[in-house]
Structure formats: C-alpha cells, structure tokens
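Enquirer: Sharing coords-v7.cif (mmCIF, N, CA and C atoms) below.
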data_entry
#
loop_
_atom_site.label_atom_id
_atom_site.label_comp_id
_atom_site.auth_asym_id
_atom_site.auth_seq_id
_atom_site.Cartn_x
_atom_site.Cartn_y
_atom_site.Cartn_z
N MET A 16 109.48 218.16 107.68
CA MET A 16 109.20 217.71 106.33
C MET A 16 107.74 217.31 106.22
N VAL A 17 107.10 217.70 105.17
CA VAL A 17 105.68 217.40 104.98
C VAL A 17 105.55 216.03 104.32
N PRO A 18 104.75 215.13 104.90
CA PRO A 18 104.58 213.82 104.29
C PRO A 18 104.07 213.94 102.86
N GLU A 19 104.59 213.08 101.99
CA GLU A 19 104.25 213.13 100.56
C GLU A 19 102.76 212.95 100.34
N ARG A 20 102.10 212.15 101.15
CA ARG A 20 100.67 211.93 100.93
C ARG A 20 99.87 213.21 101.13
N LEU A 21 100.42 214.18 101.87
CA LEU A 21 99.71 215.46 101.99
C LEU A 21 99.78 216.23 100.69
N HIS A 22 100.94 216.23 100.04
CA HIS A 22 101.02 216.90 98.73
C HIS A 22 100.01 216.27 97.78
N HIS A 23 99.93 214.96 97.82
CA HIS A 23 98.99 214.27 96.93
C HIS A 23 97.56 214.65 97.28
N THR A 24 97.23 214.66 98.56
CA THR A 24 95.87 215.00 98.98
C THR A 24 95.49 216.41 98.55
N LEU A 25 96.41 217.34 98.67
CA LEU A 25 96.10 218.73 98.33
C LEU A 25 96.18 219.02 96.84
N ASP A 26 97.09 218.37 96.14
CA ASP A 26 97.34 218.75 94.76
C ASP A 26 96.65 217.88 93.71
N CYS A 27 96.27 216.67 94.04
CA CYS A 27 95.74 215.75 93.04
C CYS A 27 94.32 216.14 92.64
N PRO A 28 94.08 216.28 91.34
CA PRO A 28 92.76 216.71 90.88
C PRO A 28 91.77 215.55 90.71
N HIS A 29 91.57 214.74 91.75
CA HIS A 29 90.60 213.65 91.65
C HIS A 29 89.25 214.24 91.28
N GLY A 30 88.55 213.55 90.40
CA GLY A 30 87.24 214.01 89.97
C GLY A 30 87.31 215.11 88.94
N ASN A 31 88.48 215.41 88.46
CA ASN A 31 88.67 216.48 87.49
C ASN A 31 88.98 215.85 86.14
N TRP A 32 88.68 216.56 85.07
CA TRP A 32 88.90 216.02 83.72
C TRP A 32 90.37 215.78 83.42
N TRP A 33 91.29 216.44 84.10
CA TRP A 33 92.71 216.27 83.79
C TRP A 33 93.43 215.37 84.78
N PHE A 34 92.67 214.58 85.53
CA PHE A 34 93.25 213.68 86.52
C PHE A 34 94.29 212.73 85.92
N VAL A 35 93.96 212.06 84.81
CA VAL A 35 94.86 211.04 84.25
C VAL A 35 96.20 211.66 83.85
N VAL A 36 96.17 212.77 83.17
CA VAL A 36 97.40 213.43 82.74
C VAL A 36 98.22 213.88 83.95
N TRP A 37 97.55 214.52 84.90
CA TRP A 37 98.25 215.00 86.09
C TRP A 37 98.86 213.83 86.86
N HIS A 38 98.07 212.78 87.07
CA HIS A 38 98.51 211.68 87.90
C HIS A 38 99.67 210.94 87.26
N ARG A 39 99.66 210.79 85.94
CA ARG A 39 100.76 210.12 85.26
C ARG A 39 102.07 210.89 85.48
N GLY A 40 102.01 212.20 85.31
CA GLY A 40 103.20 213.03 85.54
C GLY A 40 103.65 213.00 86.99
N TYR A 41 102.70 213.07 87.92
CA TYR A 41 103.02 213.04 89.34
C TYR A 41 103.68 211.72 89.71
N THR A 42 103.14 210.62 89.22
CA THR A 42 103.70 209.31 89.54
C THR A 42 105.12 209.18 89.01
N GLY A 43 105.35 209.64 87.79
CA GLY A 43 106.70 209.61 87.23
C GLY A 43 107.67 210.43 88.06
N TRP A 44 107.25 211.61 88.46
CA TRP A 44 108.09 212.48 89.29
C TRP A 44 108.38 211.82 90.64
N PHE A 45 107.36 211.24 91.25
CA PHE A 45 107.53 210.62 92.56
C PHE A 45 108.45 209.40 92.48
N GLU A 46 108.30 208.57 91.43
CA GLU A 46 109.21 207.43 91.26
C GLU A 46 110.66 207.89 91.12
N ARG A 47 110.87 208.93 90.33
CA ARG A 47 112.22 209.45 90.14
C ARG A 47 112.79 209.96 91.47
N THR A 48 111.97 210.63 92.27
CA THR A 48 112.40 211.12 93.57
C THR A 48 112.79 209.97 94.49
N VAL A 49 111.97 208.91 94.52
CA VAL A 49 112.28 207.75 95.36
C VAL A 49 113.57 207.09 94.89
N ARG A 50 113.76 206.98 93.57
CA ARG A 50 115.01 206.40 93.05
C ARG A 50 116.22 207.19 93.55
N GLU A 51 116.13 208.51 93.44
CA GLU A 51 117.25 209.35 93.87
C GLU A 51 117.52 209.24 95.36
N LEU A 52 116.47 209.33 96.18
CA LEU A 52 116.64 209.32 97.62
C LEU A 52 117.04 207.96 98.17
N SER A 53 116.57 206.90 97.51
CA SER A 53 116.88 205.55 98.00
C SER A 53 118.19 205.01 97.44
N GLY A 54 118.66 205.62 96.35
CA GLY A 54 119.85 205.10 95.69
C GLY A 54 119.58 203.85 94.88
N ASP A 55 118.31 203.50 94.71
CA ASP A 55 117.92 202.32 93.94
C ASP A 55 117.47 202.76 92.55
N PRO A 56 118.34 202.64 91.54
CA PRO A 56 117.98 203.12 90.20
C PRO A 56 116.89 202.29 89.53
N ASN A 57 116.55 201.13 90.12
CA ASN A 57 115.53 200.27 89.52
C ASN A 57 114.18 200.37 90.22
N PHE A 58 114.05 201.28 91.21
CA PHE A 58 112.78 201.39 91.92
C PHE A 58 111.66 201.75 90.94
N ALA A 59 110.55 201.08 91.08
CA ALA A 59 109.35 201.41 90.30
C ALA A 59 108.13 200.97 91.10
N PHE A 60 107.06 201.72 90.96
CA PHE A 60 105.81 201.32 91.59
C PHE A 60 105.29 200.05 90.92
N PRO A 61 104.63 199.19 91.69
CA PRO A 61 104.02 198.03 91.05
C PRO A 61 102.93 198.49 90.09
N TYR A 62 102.76 197.73 89.04
CA TYR A 62 101.77 198.09 88.02
C TYR A 62 101.09 196.81 87.53
N TRP A 63 99.84 196.93 87.19
CA TRP A 63 99.15 195.84 86.53
C TRP A 63 98.16 196.44 85.54
N ASP A 64 97.82 195.63 84.56
CA ASP A 64 96.86 196.05 83.54
C ASP A 64 95.47 195.75 84.07
N TRP A 65 94.77 196.79 84.48
CA TRP A 65 93.45 196.65 85.08
C TRP A 65 92.46 195.99 84.13
N THR A 66 92.65 196.18 82.83
CA THR A 66 91.72 195.57 81.87
C THR A 66 91.93 194.06 81.77
N ALA A 67 93.14 193.59 82.04
CA ALA A 67 93.42 192.16 82.00
C ALA A 67 93.10 191.47 83.33
N LEU A 68 93.27 192.17 84.43
CA LEU A 68 93.00 191.63 85.76
C LEU A 68 92.28 192.70 86.57
N PRO A 69 90.95 192.73 86.50
CA PRO A 69 90.19 193.83 87.14
C PRO A 69 90.00 193.67 88.64
N GLN A 70 91.09 193.39 89.35
CA GLN A 70 91.10 193.39 90.82
C GLN A 70 92.51 193.70 91.26
N VAL A 71 92.65 194.15 92.47
CA VAL A 71 93.97 194.48 92.99
C VAL A 71 94.70 193.17 93.26
N PRO A 72 95.90 192.97 92.68
CA PRO A 72 96.65 191.73 92.92
C PRO A 72 97.01 191.58 94.40
N ASP A 73 97.06 190.34 94.85
CA ASP A 73 97.37 190.06 96.25
C ASP A 73 98.68 190.70 96.69
N SER A 74 99.67 190.75 95.80
CA SER A 74 100.97 191.31 96.18
C SER A 74 100.88 192.77 96.58
N PHE A 75 99.83 193.46 96.17
CA PHE A 75 99.67 194.87 96.52
C PHE A 75 99.28 195.06 97.99
N PHE A 76 98.91 193.98 98.65
CA PHE A 76 98.52 194.09 100.05
C PHE A 76 99.67 193.80 101.00
N ASN A 77 100.90 193.83 100.48
CA ASN A 77 102.07 193.70 101.33
C ASN A 77 102.36 195.04 101.99
N GLY A 78 102.98 195.02 103.14
CA GLY A 78 103.38 196.27 103.79
C GLY A 78 102.19 197.09 104.26
N VAL A 79 102.31 198.41 104.15
CA VAL A 79 101.29 199.31 104.71
C VAL A 79 99.97 199.26 103.95
N LEU A 80 99.95 198.65 102.78
CA LEU A 80 98.68 198.50 102.07
C LEU A 80 97.87 197.32 102.58
N ASP A 81 98.49 196.51 103.42
CA ASP A 81 97.79 195.39 104.05
C ASP A 81 96.96 195.97 105.19
N PRO A 82 95.64 195.83 105.12
CA PRO A 82 94.81 196.40 106.18
C PRO A 82 95.08 195.82 107.56
N ASN A 83 95.87 194.75 107.65
CA ASN A 83 96.24 194.20 108.95
C ASN A 83 97.56 194.74 109.46
N ASN A 84 98.28 195.49 108.63
CA ASN A 84 99.56 196.06 109.02
C ASN A 84 99.32 197.20 110.01
N PRO A 85 100.10 197.27 111.09
CA PRO A 85 99.90 198.34 112.07
C PRO A 85 100.05 199.75 111.49
N ALA A 86 100.78 199.90 110.39
CA ALA A 86 100.96 201.23 109.79
C ALA A 86 99.81 201.61 108.88
N PHE A 87 98.90 200.69 108.59
CA PHE A 87 97.74 200.97 107.74
C PHE A 87 96.84 201.98 108.44
N ILE A 88 96.44 203.02 107.74
CA ILE A 88 95.54 204.03 108.31
C ILE A 88 94.12 203.68 107.88
N ALA A 89 93.34 203.20 108.83
CA ALA A 89 92.03 202.64 108.52
C ALA A 89 90.88 203.63 108.63
N SER A 90 91.10 204.76 109.28
CA SER A 90 89.97 205.65 109.51
C SER A 90 90.38 207.11 109.35
N TYR A 91 89.37 207.91 109.13
CA TYR A 91 89.59 209.35 109.05
C TYR A 91 90.23 209.86 110.34
N ASN A 92 89.75 209.40 111.49
CA ASN A 92 90.28 209.89 112.76
C ASN A 92 91.78 209.60 112.89
N GLU A 93 92.22 208.40 112.46
CA GLU A 93 93.65 208.08 112.50
C GLU A 93 94.42 208.99 111.55
N PHE A 94 93.90 209.18 110.36
CA PHE A 94 94.53 210.01 109.35
C PHE A 94 94.67 211.45 109.86
N TYR A 95 93.58 211.96 110.40
CA TYR A 95 93.58 213.33 110.93
C TYR A 95 94.57 213.47 112.09
N SER A 96 94.56 212.50 112.99
CA SER A 96 95.46 212.55 114.14
C SER A 96 96.93 212.61 113.71
N GLN A 97 97.29 211.84 112.71
CA GLN A 97 98.68 211.79 112.26
C GLN A 97 99.07 212.98 111.38
N LEU A 98 98.11 213.55 110.66
CA LEU A 98 98.48 214.50 109.62
C LEU A 98 97.90 215.91 109.76
N SER A 99 97.12 216.16 110.80
CA SER A 99 96.50 217.49 110.90
C SER A 99 97.53 218.59 111.10
N ASN A 100 98.53 218.37 111.94
CA ASN A 100 99.54 219.42 112.14
C ASN A 100 100.38 219.64 110.89
N PRO A 101 100.92 218.57 110.26
CA PRO A 101 101.66 218.82 109.01
C PRO A 101 100.79 219.44 107.92
N MET A 102 99.52 219.06 107.84
CA MET A 102 98.63 219.61 106.82
C MET A 102 98.44 221.11 107.06
N SER A 103 98.23 221.50 108.29
CA SER A 103 98.08 222.93 108.61
C SER A 103 99.36 223.69 108.29
N ALA A 104 100.51 223.10 108.62
CA ALA A 104 101.79 223.75 108.32
C ALA A 104 101.97 223.92 106.81
N LEU A 105 101.61 222.89 106.06
CA LEU A 105 101.72 222.98 104.60
C LEU A 105 100.80 224.07 104.07
N TRP A 106 99.56 224.07 104.52
CA TRP A 106 98.59 225.08 104.07
C TRP A 106 99.12 226.49 104.37
N ASN A 107 99.64 226.67 105.57
CA ASN A 107 100.13 227.99 105.97
C ASN A 107 101.40 228.41 105.23
N SER A 108 102.07 227.47 104.57
CA SER A 108 103.27 227.79 103.81
C SER A 108 102.97 228.13 102.35
N PHE A 109 101.71 227.96 101.94
CA PHE A 109 101.35 228.20 100.54
C PHE A 109 101.53 229.66 100.15
N SER A 110 101.95 229.85 98.93
CA SER A 110 102.03 231.19 98.37
C SER A 110 100.62 231.67 98.02
N THR A 111 100.50 232.93 97.69
CA THR A 111 99.21 233.49 97.28
C THR A 111 98.67 232.74 96.07
N ALA A 112 99.54 232.41 95.12
CA ALA A 112 99.11 231.68 93.91
C ALA A 112 98.61 230.28 94.26
N GLN A 113 99.31 229.60 95.18
CA GLN A 113 98.87 228.26 95.58
C GLN A 113 97.52 228.33 96.30
N LEU A 114 97.36 229.32 97.16
CA LEU A 114 96.07 229.48 97.85
C LEU A 114 94.96 229.76 96.86
N GLN A 115 95.25 230.54 95.83
CA GLN A 115 94.23 230.83 94.82
C GLN A 115 93.84 229.55 94.08
N GLN A 116 94.81 228.70 93.79
CA GLN A 116 94.50 227.42 93.14
C GLN A 116 93.61 226.57 94.04
N MET A 117 93.90 226.56 95.31
CA MET A 117 93.05 225.80 96.24
C MET A 117 91.64 226.38 96.27
N ARG A 118 91.54 227.68 96.27
CA ARG A 118 90.21 228.32 96.25
C ARG A 118 89.47 228.00 94.97
N ASN A 119 90.21 227.94 93.85
CA ASN A 119 89.59 227.58 92.57
C ASN A 119 89.00 226.18 92.62
N ARG A 120 89.56 225.32 93.45
CA ARG A 120 89.06 223.95 93.61
C ARG A 120 88.00 223.85 94.70
N GLY A 121 87.64 224.97 95.30
CA GLY A 121 86.60 224.96 96.32
C GLY A 121 87.08 224.85 97.74
N PHE A 122 88.40 224.93 97.95
CA PHE A 122 88.96 224.84 99.29
C PHE A 122 89.32 226.24 99.78
N GLN A 123 88.48 226.81 100.61
CA GLN A 123 88.72 228.15 101.14
C GLN A 123 89.68 228.12 102.33
N SER A 124 89.73 226.97 102.99
CA SER A 124 90.61 226.82 104.16
C SER A 124 91.03 225.36 104.27
N VAL A 125 91.98 225.11 105.14
CA VAL A 125 92.41 223.74 105.36
C VAL A 125 91.25 222.90 105.90
N ASN A 126 90.30 223.50 106.57
CA ASN A 126 89.14 222.77 107.07
C ASN A 126 88.30 222.20 105.93
N ASP A 127 88.24 222.92 104.81
CA ASP A 127 87.52 222.41 103.64
C ASP A 127 88.21 221.17 103.08
N VAL A 128 89.54 221.15 103.14
CA VAL A 128 90.28 219.98 102.68
C VAL A 128 89.94 218.79 103.59
N TRP A 129 89.96 219.03 104.89
CA TRP A 129 89.64 217.95 105.82
C TRP A 129 88.22 217.43 105.61
N GLN A 130 87.29 218.30 105.29
CA GLN A 130 85.92 217.86 105.02
C GLN A 130 85.90 216.95 103.80
N ALA A 131 86.64 217.30 102.76
CA ALA A 131 86.70 216.47 101.55
C ALA A 131 87.32 215.11 101.86
N VAL A 132 88.37 215.10 102.68
CA VAL A 132 89.00 213.83 103.06
C VAL A 132 88.02 213.00 103.88
N ARG A 133 87.33 213.63 104.80
CA ARG A 133 86.37 212.92 105.65
C ARG A 133 85.27 212.27 104.80
N ASP A 134 84.86 212.95 103.74
CA ASP A 134 83.77 212.44 102.90
C ASP A 134 84.23 211.46 101.83
N SER A 135 85.53 211.23 101.72
CA SER A 135 86.04 210.37 100.65
C SER A 135 85.88 208.90 101.03
N PRO A 136 85.86 208.03 100.03
CA PRO A 136 85.74 206.59 100.31
C PRO A 136 87.09 205.90 100.52
N MET A 137 88.12 206.64 100.91
CA MET A 137 89.46 206.05 100.97
C MET A 137 89.74 205.24 102.23
N PHE A 138 88.84 205.25 103.19
CA PHE A 138 89.08 204.54 104.44
C PHE A 138 88.18 203.31 104.52
N PHE A 139 88.73 202.25 105.04
CA PHE A 139 87.91 201.07 105.31
C PHE A 139 88.53 200.36 106.51
N PRO A 140 87.75 199.54 107.21
CA PRO A 140 88.23 198.93 108.45
C PRO A 140 89.41 197.99 108.22
N ARG A 141 90.15 197.78 109.29
CA ARG A 141 91.26 196.84 109.23
C ARG A 141 90.71 195.45 108.91
N GLY A 142 91.58 194.62 108.38
CA GLY A 142 91.19 193.27 107.96
C GLY A 142 91.17 193.20 106.45
N ARG A 143 91.14 192.04 105.95
CA ARG A 143 91.20 191.83 104.49
C ARG A 143 89.94 192.40 103.82
N PRO A 144 90.10 193.27 102.83
CA PRO A 144 88.92 193.81 102.15
C PRO A 144 88.23 192.72 101.33
N ALA A 145 86.97 192.90 101.13
CA ALA A 145 86.20 191.95 100.32
C ALA A 145 86.73 191.93 98.90
N ARG A 146 86.83 190.77 98.30
CA ARG A 146 87.36 190.64 96.95
C ARG A 146 86.24 190.30 95.99
#
Could you take the file, read its structure, and then write that structure out as structure tokens?
Expert:
Amino acid sequence: MVPERLHHTLDCPHGNWWFVVWHRGYTGWFERTVRELSGDPNFAFPYWDWTALPQVPDSFFNGVLDPNNPAFIASYNEFYSQLSNPMSALWNSFSTAQLQQMRNRGFQSVNDVWQAVRDSPMFFPRGRPAR
C-alpha cells in the first residue's frame, strides 16, 4: 500500500493557481476515507480560522506533528529513507496519462520529484518550532 502522503506529494498542485480548489476537494475526500476506514463517522481534521488566530494552535502539535515525537520526520534524509521505495513503486504504476500530467508539472522522472521535495521548506529540526 502506498502511503497517503506520497499521493499528496505527487498530486498536490502547490504553487499552482488551482491549489485552493484542489486541496479543499482532496481534504474532503481524505476525511471521508478516514471516516470509512476507521468506523468513526465524526472524524474531522482539526481546523482553525487563520485570520482570527494567525499561528498554529498548540493542540496541532500533538502526535506526529510534535517535532519531539519519534514519528516526526524532521529531515529530507529521513523522508527519503522511509518513502523512496514506495514512491518509486507508485511512479512505476502510473498510467501514460498520469505520467503526462507529471511531465506537464515539470517532473520527467521520480528523481525530479525528489529534487522538489529536497528543495521544499517542509522540514525543520526536532524540537519545538519558534512561535
């Protein structure tokens, strides 16, 4: 099974004009999937109004989002180590149409995806982030 974060990494149009629309639909689909698989009909992602509170609430740092949690992935090297094989398997399973979409986004190979991940600001060291 391919980890869900790989689908997000490959499919999410960050930096694209249609990011908000895509992400809203993706989040709704993912919540529905978690509800079905968990059997919890009330499951929902935490939400806050960024305009009312322009910082990440402390409660969001529970679990794997806590940079001190052992499951937190703090670096590109950790991310690559855990996900390079599933990412390659996912890439190799793509249809011709899916590969064309990736090429349209500038990803000629899975290595291009890894370069984009490596260059992203999504990693930071373990420990409480500056507030």
Enquirer: Mind telling me what the PyMOL selection byres (((chain A and resi 106 and name CA) around 12) and name CA) catches here, as a ChimeraX atom specification?
Expert: /A:17,21-22,24-26,98-105,107-111,113-118,122-129
Enquirer: So how far away is CA of Phe60 in chain A from atom C of Thr42 in chain A, in Å?
Expert: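 So the two atoms, atom C of Thr42 in chain A and CA of Phe60 in chain A, lie 8.3 Å apart.
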Enquirer: Which one is closest to Arg133 in chain A: A:Tyr91, A:Ala112, A:His38, A:Asp64? Count all atoms listed in the file.
Expert: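 Smallest separation from Arg133 in chain A among the options: A:Tyr91.
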Enquirer: Could you check the closest approach to Phe58 in chain A for each of A:Gln130, A:Trp32, A:Gln70, A:Phe45 and tell me which residue wins, using only C-alpha atoms?
Expert: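 Smallest separation from Phe58 in chain A among the options: A:Phe45.
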Enquirer: List every residue of chain A that DSSP, applied to the backbone, labels as alpha helix (DSSP H), and write the result as a ChimeraX atom specification.
Expert: /A:19-26,34-53,91-108,111-119,125-133
Enquirer: Could you state which residues are captured by the PyMOL selection byres (((chain A and resi 59 and name CA) around 10) and name CA) in this file, as number ranges by chain?
Expert: A: 42-43, 45-47, 49-50, 55-58, 60-62
Enquirer: Please, what distance in Å, to one decimal, runs between atom N of Phe87 in chain A and CA of Phe138 in chain A?
Expert: 11.3 Å
Enquirer: Between CA of Val35 in chain A and CA of Asn83 in chain A, what is the spacing in Å?
Expert: 29.9 Å
Enquirer: Would you translate the PyMOL selection byres (((chain A and resi 72-75 and name CA) around 12) and name CA) into the concrete set of residues it matches in this file, as a list in words?
Expert: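 So the PyMOL selection byres (((chain A and resi 72-75 and name CA) around 12) and name CA) ends up selecting Phe60, Pro61, Tyr62, Trp63, Asp64, Trp65, Ala67, Leu68, Pro69, Gln70, Val71, Phe76, Asn77, Gly78, Val79, Leu80, Asp81, Pro82, Arg143, Pro144 and Arg146 of chain A.
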